[in-house]
$ cat entry31.txt   # compact mmCIF, C-alpha atoms
# COMPACT_ATOMS: atom_id res chain seq x y z
CA MET G 1 -16.20 7.25 -1.90
CA SER G 2 -13.48 4.94 -0.70
CA LEU G 3 -10.05 4.57 -2.28
CA ALA G 4 -11.01 1.15 -3.70
CA GLU G 5 -14.11 2.60 -5.36
CA ALA G 6 -12.16 5.54 -6.79
CA SER G 7 -9.52 3.23 -8.29
CA ALA G 8 -12.25 1.12 -9.92
CA LEU G 9 -13.51 4.13 -11.96
CA PRO G 10 -12.26 4.32 -15.54
CA PRO G 11 -9.51 6.89 -16.13
CA GLU G 12 -10.62 10.27 -17.45
CA GLU G 13 -10.26 10.87 -21.17
CA PRO G 14 -7.78 13.62 -22.00
CA SER G 15 -9.30 16.79 -23.41
CA ARG G 16 -9.45 17.35 -27.15
CA ALA G 17 -7.01 20.23 -26.83
CA LEU G 18 -4.50 18.05 -25.02
CA VAL G 19 -4.82 15.28 -27.62
CA PHE G 20 -4.42 17.85 -30.42
CA TRP G 21 -1.33 19.37 -28.81
CA ARG G 22 0.31 15.96 -28.28
CA ARG G 23 -0.23 15.06 -31.93
CA TYR G 24 0.86 18.51 -33.10
CA ARG G 25 4.12 18.31 -31.11
CA ARG G 26 5.13 15.18 -33.01
CA ASN G 27 5.30 17.09 -36.28
CA LYS G 28 8.60 18.98 -36.06
CA ALA G 29 7.91 21.10 -39.17
CA ALA G 30 4.58 22.25 -37.72
CA VAL G 31 6.22 23.18 -34.41
CA LEU G 32 8.96 25.10 -36.25
CA GLY G 33 6.32 26.90 -38.33
CA LEU G 34 4.37 27.84 -35.21
CA PHE G 35 7.57 29.11 -33.59
CA LEU G 36 8.46 31.22 -36.64
CA LEU G 37 4.92 32.61 -36.82
CA GLY G 38 5.21 33.53 -33.14
CA VAL G 39 8.52 35.31 -33.78
CA ILE G 40 7.03 37.28 -36.68
CA VAL G 41 3.98 38.25 -34.60
CA LEU G 42 6.29 39.32 -31.77
CA LEU G 43 8.36 41.41 -34.20
CA ALA G 44 5.22 43.04 -35.56
CA LEU G 45 3.86 43.81 -32.09
CA THR G 46 7.12 45.33 -30.85
CA ALA G 47 7.98 47.29 -34.03
CA GLY G 48 6.67 50.53 -32.55
CA LEU G 49 8.76 50.06 -29.40
CA TYR G 50 12.00 49.41 -31.27
CA GLU G 51 11.61 52.02 -34.00
CA PRO G 52 8.66 54.37 -33.40
CA VAL G 53 9.39 56.52 -36.46
CA ASP G 54 9.27 55.69 -40.17
CA PRO G 55 11.61 52.76 -40.94
CA LEU G 56 12.26 54.18 -44.41
CA ARG G 57 13.91 57.32 -43.09
CA ARG G 58 17.66 57.70 -43.28
CA ALA G 59 19.22 56.26 -40.12
CA GLY G 60 22.91 56.72 -40.80
CA GLU G 61 25.70 56.26 -43.27
CA PRO G 62 24.96 53.97 -46.23
CA LEU G 63 26.25 50.39 -46.23
CA ILE G 64 27.27 50.03 -42.60
CA TRP G 65 28.18 46.41 -41.93
CA PRO G 66 26.28 44.50 -39.23
CA PHE G 67 27.48 44.94 -35.63
CA GLN G 68 29.76 47.91 -36.41
CA ASP G 69 27.37 50.48 -34.95
CA TRP G 70 25.05 49.44 -32.11
CA ALA G 71 22.53 52.11 -33.11
CA THR G 72 21.94 49.98 -36.22
CA PRO G 73 22.76 46.40 -35.13
CA LEU G 74 22.15 44.82 -38.55
CA GLY G 75 23.70 47.73 -40.41
CA THR G 76 22.22 49.95 -43.07
CA ASP G 77 21.34 49.55 -46.73
CA GLN G 78 22.50 51.57 -49.73
CA LEU G 79 20.30 54.51 -48.70
CA GLY G 80 21.35 54.49 -45.03
CA ARG G 81 18.10 52.94 -43.72
CA ASP G 82 18.24 50.71 -40.64
CA ILE G 83 17.86 47.06 -41.74
CA LEU G 84 16.60 45.82 -38.36
CA ALA G 85 13.88 48.51 -38.28
CA GLY G 86 12.88 47.45 -41.79
CA ILE G 87 12.56 43.83 -40.63
CA PHE G 88 10.43 44.80 -37.63
CA HIS G 89 8.06 47.01 -39.63
CA GLY G 90 8.10 44.59 -42.59
CA ALA G 91 6.66 41.93 -40.28
CA ARG G 92 3.59 44.13 -39.79
CA ILE G 93 3.08 44.51 -43.52
CA SER G 94 3.60 40.79 -44.18
CA LEU G 95 1.08 39.77 -41.53
CA MET G 96 -1.43 42.33 -42.74
CA ILE G 97 -1.15 41.07 -46.34
CA GLY G 98 -1.59 37.47 -45.19
CA VAL G 99 -4.61 38.24 -43.02
CA VAL G 100 -6.33 40.38 -45.66
CA ALA G 101 -5.69 37.80 -48.41
CA THR G 102 -7.07 35.05 -46.17
CA LEU G 103 -10.19 37.06 -45.31
CA ILE G 104 -10.84 37.84 -48.97
CA SER G 105 -10.40 34.18 -49.90
CA ILE G 106 -12.76 33.08 -47.14
CA ALA G 107 -15.37 35.63 -48.21
CA ILE G 108 -15.20 34.55 -51.86
CA GLY G 109 -15.30 30.88 -50.90
CA VAL G 110 -18.28 31.30 -48.60
CA VAL G 111 -20.24 33.21 -51.23
CA ILE G 112 -19.49 30.69 -53.99
CA GLY G 113 -20.22 27.77 -51.67
CA ALA G 114 -23.46 29.29 -50.47
CA ILE G 115 -24.67 29.96 -54.01
CA ALA G 116 -23.68 26.45 -55.11
CA GLY G 117 -25.35 24.90 -52.09
CA TYR G 118 -28.53 26.95 -52.36
CA PHE G 119 -29.19 26.48 -56.06
CA GLY G 120 -27.55 23.07 -56.57
CA GLY G 121 -27.86 21.28 -59.90
CA TRP G 122 -26.16 22.84 -62.89
CA VAL G 123 -25.28 26.05 -60.97
CA ASP G 124 -23.37 23.95 -58.45
CA ASP G 125 -21.63 22.04 -61.25
CA VAL G 126 -20.57 25.22 -63.09
CA LEU G 127 -19.30 26.96 -59.95
CA MET G 128 -17.38 23.89 -58.82
CA ARG G 129 -15.74 23.46 -62.26
CA VAL G 130 -14.67 27.11 -62.27
CA THR G 131 -13.29 26.69 -58.75
CA GLU G 132 -11.42 23.53 -59.76
CA ALA G 133 -9.98 25.34 -62.79
CA PHE G 134 -8.48 27.99 -60.51
CA GLN G 135 -7.03 25.29 -58.26
CA THR G 136 -5.51 23.18 -61.05
CA VAL G 137 -4.20 25.79 -63.48
CA PRO G 138 -0.74 26.87 -62.36
CA ASN G 139 -0.55 30.49 -61.32
CA PHE G 140 2.06 31.32 -63.96
CA VAL G 141 -0.11 30.05 -66.80
CA LEU G 142 -3.06 31.98 -65.39
CA LEU G 143 -0.97 35.16 -65.25
CA LEU G 144 0.21 34.64 -68.83
CA THR G 145 -3.38 34.23 -69.92
CA LEU G 146 -4.41 37.41 -68.11
CA VAL G 147 -1.52 39.35 -69.68
CA ALA G 148 -2.47 38.03 -73.13
CA ILE G 149 -6.11 39.06 -72.64
CA LEU G 150 -5.65 42.38 -70.82
CA GLY G 151 -2.33 43.45 -72.27
CA SER G 152 1.00 44.07 -70.56
CA SER G 153 0.07 47.50 -69.21

$ encode --input "entry31.txt" --output "structure tokens"
Amino acid sequence: MSLAEASALPPEEPSRALVFWRRYRRNKAAVLGLFLLGVIVLLALTAGLYEPVDPLRRAGEPLIWPFQDWATPLGTDQLGRDILAGIFHGARISLMIGVVATLISIAIGVVIGAIAGYFGGWVDDVLMRVTEAFQTVPNFVLLLTLVAILGSS
């Protein structure tokens, strides 16, 4: 193929991933969120390297101010626990809660959607109205209703 023939070909379309990334980069809040998620994941992955023992154990004197003792760079709380170790290990717990809650939500949604799609008709209508009720009723009102029905204990 000669150079003239190659230049006559239409330019290649960029990949879907490249198009997605270009559009994603334009949204500064999305990029910041992705960066913060990356930081939290990095904290969670390196928690065992920074503080391999229990982060709730006593690390030193209570109420050490940040950057006074380099063994506890962010200081200690009222019980003498290392605040930085708590942040590192807290990232693990936060990510685990988010992942588990998402998986449970997906499982419930798939089951309800499958039942509604399989049976259709009035079953679909009832399930969709119940789902819409959970989406539209504010969480606080729902919690108040649950407390009124089940009691405060």

$ closest_residue --input "entry31.txt" --among "G:Val19, G:Thr131, G:Gly120, G:Ala44" --to "G:Ser105" --atoms "only C-alpha atoms"
G:Thr131

$ residues_around --input "entry31.txt" --residues "G:Ala116" --least-positions-apart "2" --cutoff "12 Å" --atoms "all atoms listed in the file" --output "MDAnalysis selection string"
chainID G and resid 109:114 118:131

$ write_last_selection --input "entry31.txt" --atoms "C-alpha atoms" --output "short mmCIF file (atom, residue, chain, number, x, y, z; two decimals), in the frame of the given file"
data_model
loop_
_atom_site.label_atom_id
_atom_site.label_comp_id
_atom_site.auth_asym_id
_atom_site.auth_seq_id
_atom_site.Cartn_x
_atom_site.Cartn_y
_atom_site.Cartn_z
CA GLY G 109 -15.30 30.88 -50.90
CA VAL G 110 -18.28 31.30 -48.60
CA VAL G 111 -20.24 33.21 -51.23
CA ILE G 112 -19.49 30.69 -53.99
CA GLY G 113 -20.22 27.77 -51.67
CA ALA G 114 -23.46 29.29 -50.47
CA TYR G 118 -28.53 26.95 -52.36
CA PHE G 119 -29.19 26.48 -56.06
CA GLY G 120 -27.55 23.07 -56.57
CA GLY G 121 -27.86 21.28 -59.90
CA TRP G 122 -26.16 22.84 -62.89
CA VAL G 123 -25.28 26.05 -60.97
CA ASP G 124 -23.37 23.95 -58.45
CA ASP G 125 -21.63 22.04 -61.25
CA VAL G 126 -20.57 25.22 -63.09
CA LEU G 127 -19.30 26.96 -59.95
CA MET G 128 -17.38 23.89 -58.82
CA ARG G 129 -15.74 23.46 -62.26
CA VAL G 130 -14.67 27.11 -62.27
CA THR G 131 -13.29 26.69 -58.75
#

$ residues_around --input "entry31.txt" --residues "G:Leu84" --least-positions-apart "3" --cutoff "8 Å" --atoms "all atoms listed in the file" --output "list in words"
Thr72, Pro73, Leu74, Gly75, Ile87 and Phe88 of chain G

$ write_last_selection --input "entry31.txt" --atoms "C-alpha atoms" --output "PDB file, in the coordinates of the input"
ATOM      1  CA  THR G  72      21.940  49.980 -36.220  1.00  0.00           C
ATOM      2  CA  PRO G  73      22.760  46.400 -35.130  1.00  0.00           C
ATOM      3  CA  LEU G  74      22.150  44.820 -38.550  1.00  0.00           C
ATOM      4  CA  GLY G  75      23.700  47.730 -40.410  1.00  0.00           C
ATOM      5  CA  ILE G  87      12.560  43.830 -40.630  1.00  0.00           C
ATOM      6  CA  PHE G  88      10.430  44.800 -37.630  1.00  0.00           C
TER       7      PHE G  88
END

$ atom_distance --input "entry31.txt" --atom1 "atom CA of G:Arg92" --atom2 "atom CA of G:Val39"
11.8 Å

$ atom_distance --input "entry31.txt" --atom1 "atom CA of G:Trp65" --atom2 "atom CA of G:Gly48"
23.8 Å

$ closest_residue --input "entry31.txt" --among "G:Leu56, G:Ala148, G:Leu95, G:Ile104" --to "G:Leu37" --atoms "only C-alpha atoms"
G:Leu95

$ atom_distance --input "entry31.txt" --atom1 "atom CA of G:Phe35" --atom2 "atom CA of G:Val99"
17.9 Å

$ decode --input "entry31.txt" --residues "stretch 23-39 of chain G" --atoms "N, CA and C atoms" --output "PDB file, in the first residue's frame"
ATOM      1  N   ARG G  23     -14.300  11.646  28.216  1.00  0.00           N
ATOM      2  CA  ARG G  23     -15.513  12.269  28.761  1.00  0.00           C
ATOM      3  C   ARG G  23     -15.466  12.301  30.290  1.00  0.00           C
ATOM      4  N   TYR G  24     -14.952  11.238  30.888  1.00  0.00           N
ATOM      5  CA  TYR G  24     -14.868  11.160  32.344  1.00  0.00           C
ATOM      6  C   TYR G  24     -13.942  12.236  32.899  1.00  0.00           C
ATOM      7  N   ARG G  25     -12.820  12.489  32.224  1.00  0.00           N
ATOM      8  CA  ARG G  25     -11.840  13.477  32.673  1.00  0.00           C
ATOM      9  C   ARG G  25     -12.412  14.877  32.732  1.00  0.00           C
ATOM     10  N   ARG G  26     -13.417  15.155  31.913  1.00  0.00           N
ATOM     11  CA  ARG G  26     -14.013  16.499  31.897  1.00  0.00           C
ATOM     12  C   ARG G  26     -14.788  16.805  33.173  1.00  0.00           C
ATOM     13  N   ASN G  27     -15.276  15.774  33.841  1.00  0.00           N
ATOM     14  CA  ASN G  27     -16.046  15.968  35.067  1.00  0.00           C
ATOM     15  C   ASN G  27     -15.078  15.975  36.251  1.00  0.00           C
ATOM     16  N   LYS G  28     -14.792  17.167  36.768  1.00  0.00           N
ATOM     17  CA  LYS G  28     -13.791  17.302  37.826  1.00  0.00           C
ATOM     18  C   LYS G  28     -14.216  16.600  39.110  1.00  0.00           C
ATOM     19  N   ALA G  29     -15.512  16.627  39.439  1.00  0.00           N
ATOM     20  CA  ALA G  29     -15.990  15.954  40.649  1.00  0.00           C
ATOM     21  C   ALA G  29     -15.803  14.442  40.533  1.00  0.00           C
ATOM     22  N   ALA G  30     -16.044  13.884  39.360  1.00  0.00           N
ATOM     23  CA  ALA G  30     -15.864  12.449  39.158  1.00  0.00           C
ATOM     24  C   ALA G  30     -14.394  12.067  39.290  1.00  0.00           C
ATOM     25  N   VAL G  31     -13.508  12.881  38.749  1.00  0.00           N
ATOM     26  CA  VAL G  31     -12.069  12.607  38.849  1.00  0.00           C
ATOM     27  C   VAL G  31     -11.622  12.695  40.302  1.00  0.00           C
ATOM     28  N   LEU G  32     -12.116  13.695  41.033  1.00  0.00           N
ATOM     29  CA  LEU G  32     -11.777  13.823  42.452  1.00  0.00           C
ATOM     30  C   LEU G  32     -12.301  12.616  43.233  1.00  0.00           C
ATOM     31  N   GLY G  33     -13.523  12.183  42.951  1.00  0.00           N
ATOM     32  CA  GLY G  33     -14.077  11.013  43.613  1.00  0.00           C
ATOM     33  C   GLY G  33     -13.272   9.765  43.339  1.00  0.00           C
ATOM     34  N   LEU G  34     -12.849   9.586  42.087  1.00  0.00           N
ATOM     35  CA  LEU G  34     -12.021   8.431  41.731  1.00  0.00           C
ATOM     36  C   LEU G  34     -10.679   8.485  42.457  1.00  0.00           C
ATOM     37  N   PHE G  35     -10.106   9.673  42.559  1.00  0.00           N
ATOM     38  CA  PHE G  35      -8.839   9.843  43.276  1.00  0.00           C
ATOM     39  C   PHE G  35      -9.004   9.490  44.753  1.00  0.00           C
ATOM     40  N   LEU G  36     -10.071  10.007  45.379  1.00  0.00           N
ATOM     41  CA  LEU G  36     -10.300   9.718  46.794  1.00  0.00           C
ATOM     42  C   LEU G  36     -10.570   8.236  47.032  1.00  0.00           C
ATOM     43  N   LEU G  37     -11.321   7.600  46.131  1.00  0.00           N
ATOM     44  CA  LEU G  37     -11.543   6.160  46.239  1.00  0.00           C
ATOM     45  C   LEU G  37     -10.216   5.417  46.142  1.00  0.00           C
ATOM     46  N   GLY G  38      -9.361   5.842  45.231  1.00  0.00           N
ATOM     47  CA  GLY G  38      -8.042   5.226  45.096  1.00  0.00           C
ATOM     48  C   GLY G  38      -7.210   5.378  46.358  1.00  0.00           C
ATOM     49  N   VAL G  39      -7.271   6.553  46.991  1.00  0.00           N
ATOM     50  CA  VAL G  39      -6.536   6.777  48.240  1.00  0.00           C
ATOM     51  C   VAL G  39      -7.063   5.854  49.337  1.00  0.00           C
TER      52      VAL G  39
END
